[in-house]
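Colleague: Below you will find the structure I want to go over with you.
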Amino acid sequence: PTDVPNVAINRQNKLVVQESPGLKMLILAHPWPWLLLYSTLFYKIVSPTLARTEKVKQLKCIECNHGRLKPDCFLCWNVFRVSVLDNGSLRISNITKLDAGLYTCVARNQFGVASSAGTLVVKEPTIITTKAAQLDVTVGESIVLPCQVSRDPSLDVRFTWFFNEQLISFGSQGGYFEKVGGRFAGDIMIRNIQLIHAGRYTCAVQTNVDSASVATDVIVRGAPGPPLDIQVDHITETTAFVSWSPGPDNHSPISNYAVQARTPFSLGWQAVRTVPEILGRNQLAARVTDLSPWVEYEFRVKPSQKIRTTDTLPRITPARVGGGGGSRSELVITWEPVPEELQSGPGFGYVVAFRPHGAQSWMQAAVTSPDASRYIFKNESILPFSPFYVKVGVYNNRGEGPFGPVTTIYSAEEEPSRAPNKVRAKSLSASEVEISWKPLPWSTSKRRIVGYELSYWAKGQKQDTANVMRTVGNRTVEIIRGLEPSSTYYIILRAYNSAGAGPDSSVVNVTTKRPPPSRAPTKVTWNATSTKIILKWDQVKALENESDVMGYKVIYKQSRHNRQSVVETNRTSLELALPVHEEYIIQIKAVSEGGEGRSSTLITIPRIAGLLATAQISILSVLITQLLCCTARTLS
């Protein structure tokens, strides 16, 4: 041949061209629709003859015996890694860019040889990179449906959109649809979307050699439609029975219904009382009550729905960002989670940013749980008790929100390396001891002292059963309470910080004092004048195993008030300069080095208006005689 026509492979993977006298175009079928194949086969009509098959090096030949290709001849394809089908088609397997080039077809029989050459051009496939998706939108929103493609740059691409398999005519249909993708993208926008726009949108992409499509399902949510088939029956003087069928919910589930009524005398629609009072989504009937007799009513039923506002970028950052502590080589960052109602959308999480003091670039980590309240960064290069700048931001499916303010926290520190010294213990009472010690240096470059930890246990007990209490701050004195009287206790002290506790101090011991007197003051008497109250009682004697009495404590208050006053004395009588126009409540306790003893019975001194009174109070009964003189005597 003197010329080689250019031809292309169609969508059915076949190469089709026209034929003319003395010329037959060979149809080539293969699985790659992105190939352009140029090939022309010439043959000569000769007398029938006996066909034979020859094998030539690197040529694959088959008998040519179909269509008008007569007489029988042989077709030889000058290619490598191909197969020739029974119908004469050429199939190239696992085609690549390396398969592009010139292909020659040779037809040979005993009368001669004919050949034709064709050029194979391999094109990149057209692929839609936008994945099939489902969008959920609300009436009135504007959305963009993407249609992005990857293509061979030498091919022109055309985009066509279909809505529910009907071609979209842009510029019409109310102006809702608009192309926004430009020349090389097929994105469209639907403005002010309505319920009628719910359905399937298909983007079809076509080039000269191939095509592709992708579908997006759009769900449009709107207000529920009105209930259907409203019926009113069983009417009495003051009630009526109203029933209805549910209307379309428009993808917004109905939460409940409300029945309204109006009359010629009302101002518009008014809510009415129903039984049941709350009409849930499955309640499709109600009895209306409290109607007026002989009045014309018109009823309607309104559905209500739970709605969710649209999402947006988050604006609220976590509060109380802090941290510190943890194990060696750790940076622990904590915060207070953002409440769900302030997360502004789904896919909420946190962005934790931190950098050492002196560094310029921030390191960041995403925490995907909206309920998370801490993040731990571990790296062997982190020095103990090193300061870091820290900030915590937020994000959701809409994108990243702001960061909160920058704060400084410290990496994990080392435990205290020294034990407190000069630990002293002193008994204060039968149930209290005082512990004192010399403080350690408050802070170093690798550790600090948060407080001190005391362990104490009674004689006869094991140390691993010891009670533990902690102090906070640089205190050097602590009181242990709730101990048993006349008991020996062992005490050790250690400093602690966020990394743990340091070594123990030397063990010290202390014995609590004997218990206070178990007997209460008795035979309490009182006399009152217009300006004072005189109290007397019998001396309390301690038992042999009790602490000696050192004095007494008198506690009194006005009966109308809660505030108490305390007076101590080492005698068995006391004068209180108190006006007697008020009622008083008094109790008396013995005091010893072991603590306070039992209280006497409560003594009530009534109000006396300017008269002299004496009284005796008994444990069993109280006898008050109010004349010119009142006396109360306590019987022991």
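Letters A, B, ... mark the chains of the structure tokens in the order given; residue numbers begin at 1 per chain; ligand numbers begin at 1, in order shown.
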Return as JSON, numbers by chain the full set of residues in range 195-348 of chain A whose backbone-based DSSP assignment is strand (DSSP E or B).
Modeller: {"A": [199, 200, 201, 202, 203, 204, 205, 206, 211, 212, 213, 214, 215, 216, 217, 218, 219, 220, 221, 228, 229, 230, 231, 232, 233, 240, 241, 242, 243, 244, 245, 254, 255, 256, 257, 258, 259, 260, 261, 262, 270, 271, 274, 275, 279, 280, 285, 286, 287, 288, 298, 299, 300, 301, 302, 303, 304, 305, 319, 320, 321, 322, 323, 330, 331, 332, 333, 334, 335, 336]}
Colleague: If you count only C-alpha atoms, which residues fall within 10 Å of Val392 in chain A, apart from same-chain ones fewer than 5 positions away, as a PyMOL selection string?
Modeller: chain A and resi 317-319+321-322+333-335+350-354+364-366+402-407
Colleague: Compile the contact shell of Val288 in chain A as a ChimeraX atom specification: residues with an atom at most 8 Å away, counting only C-alpha atoms, same-chain residues fewer than 6 positions apart removed.
Modeller: /A:239-242,272-275
Colleague: Counting only C-alpha atoms, what is within 8 Å of Ala100 in chain A, bar same-chain residues fewer than 2 positions away, as a list in words?
Modeller: Thr96, Lys97, Leu98, Leu102, Thr119, Leu120, Val121 and Val122 of chain A
Colleague: For range 571-574 of chain A, work out the shell of residues within 7 Å, counting only C-alpha atoms and skipping chain neighbours fewer than 6 positions away, then give it as a compact mmCIF listing (two decimals) with N, CA, C and O atoms, in the first residue's frame.
Modeller:
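Everything below was put into part_31.txt:
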```txt
# COMPACT_ATOMS: atom_id res chain seq x y z
N ILE A 534 -24.03 32.14 138.00
CA ILE A 534 -23.00 31.50 138.82
C ILE A 534 -23.20 29.99 138.73
O ILE A 534 -24.28 29.46 139.04
N LEU A 535 -22.13 29.25 138.27
CA LEU A 535 -22.19 27.80 138.11
C LEU A 535 -21.28 27.13 139.13
O LEU A 535 -20.18 27.61 139.43
N LYS A 536 -21.70 25.98 139.65
CA LYS A 536 -20.90 25.14 140.55
C LYS A 536 -21.12 23.68 140.19
O LYS A 536 -22.20 23.30 139.76
N TRP A 537 -20.08 22.85 140.40
CA TRP A 537 -20.18 21.41 140.15
C TRP A 537 -19.16 20.67 141.00
O TRP A 537 -18.22 21.26 141.54
N ASP A 538 -19.33 19.34 141.09
CA ASP A 538 -18.40 18.52 141.86
C ASP A 538 -17.16 18.22 141.04
O ASP A 538 -17.20 18.14 139.81
N GLN A 539 -16.05 18.05 141.74
CA GLN A 539 -14.79 17.74 141.08
C GLN A 539 -14.85 16.36 140.45
O GLN A 539 -15.41 15.42 140.99
N GLY A 551 -8.27 20.71 134.47
CA GLY A 551 -9.18 21.84 134.55
C GLY A 551 -10.51 21.46 133.91
O GLY A 551 -10.81 20.29 133.66
```
Colleague: Could you please determine the separation between CA of Ile254 in chain A and CA of Thr138 in chain A in Å, to one decimal place?
Modeller: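 The value is 15.5 Å.
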Colleague: Using only C-alpha atoms, which residue out of A:Ser327, A:Ser172, A:Asn208, A:Gln463 lies closest to Glu380 in chain A?
Modeller: A:Ser327
Colleague: Which one is closest to Ala458 in chain A: A:Asn192, A:Ser487, A:Ser243, A:Thr160? Count only C-alpha atoms.
Modeller: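 Selected residue with least distance to Ala458 in chain A: A:Ser487.
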Colleague: Residues at most 10 Å from Ile278 in chain A, counting only C-alpha atoms, excluding those fewer than 5 positions away in the same chain, as an NGL selection string?
Modeller: :A and (256-258 or 273 or 283 or 286)
Colleague: Go ahead and save the picked residues with C-alpha atoms, as a CSV table (one decimal), in the first residue's frame.
Modeller:
```csv
chain,number,residue,atom,x,y,z
A,256,ASN,CA,-45.2,14.3,68.1
A,257,TYR,CA,-48.4,15.9,66.9
A,258,ALA,CA,-50.5,18.8,68.2
A,273,ARG,CA,-56.6,20.0,75.4
A,283,GLN,CA,-50.4,8.3,68.2
A,286,ALA,CA,-57.0,11.8,70.3
```
Colleague: Take CA of Ser559 in chain A and CA of Arg519 in chain A and report the distance between them in Å, one decimal.
Modeller: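 Here the two named atoms are 25.7 Å from each other.
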Colleague: Find, counting only C-alpha atoms, the residue in A:Thr236, A:Ser329, A:Thr408, A:Ser455 that gets nearest to Ser292 in chain A.
Modeller: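 Between A:Thr236, A:Ser329, A:Thr408, A:Ser455, the residue approaching Ser292 in chain A most closely is A:Thr236.
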Colleague: How many Å separate CA of Glu593 in chain A from CA of Gly482 in chain A?
Modeller: 15.6 Å
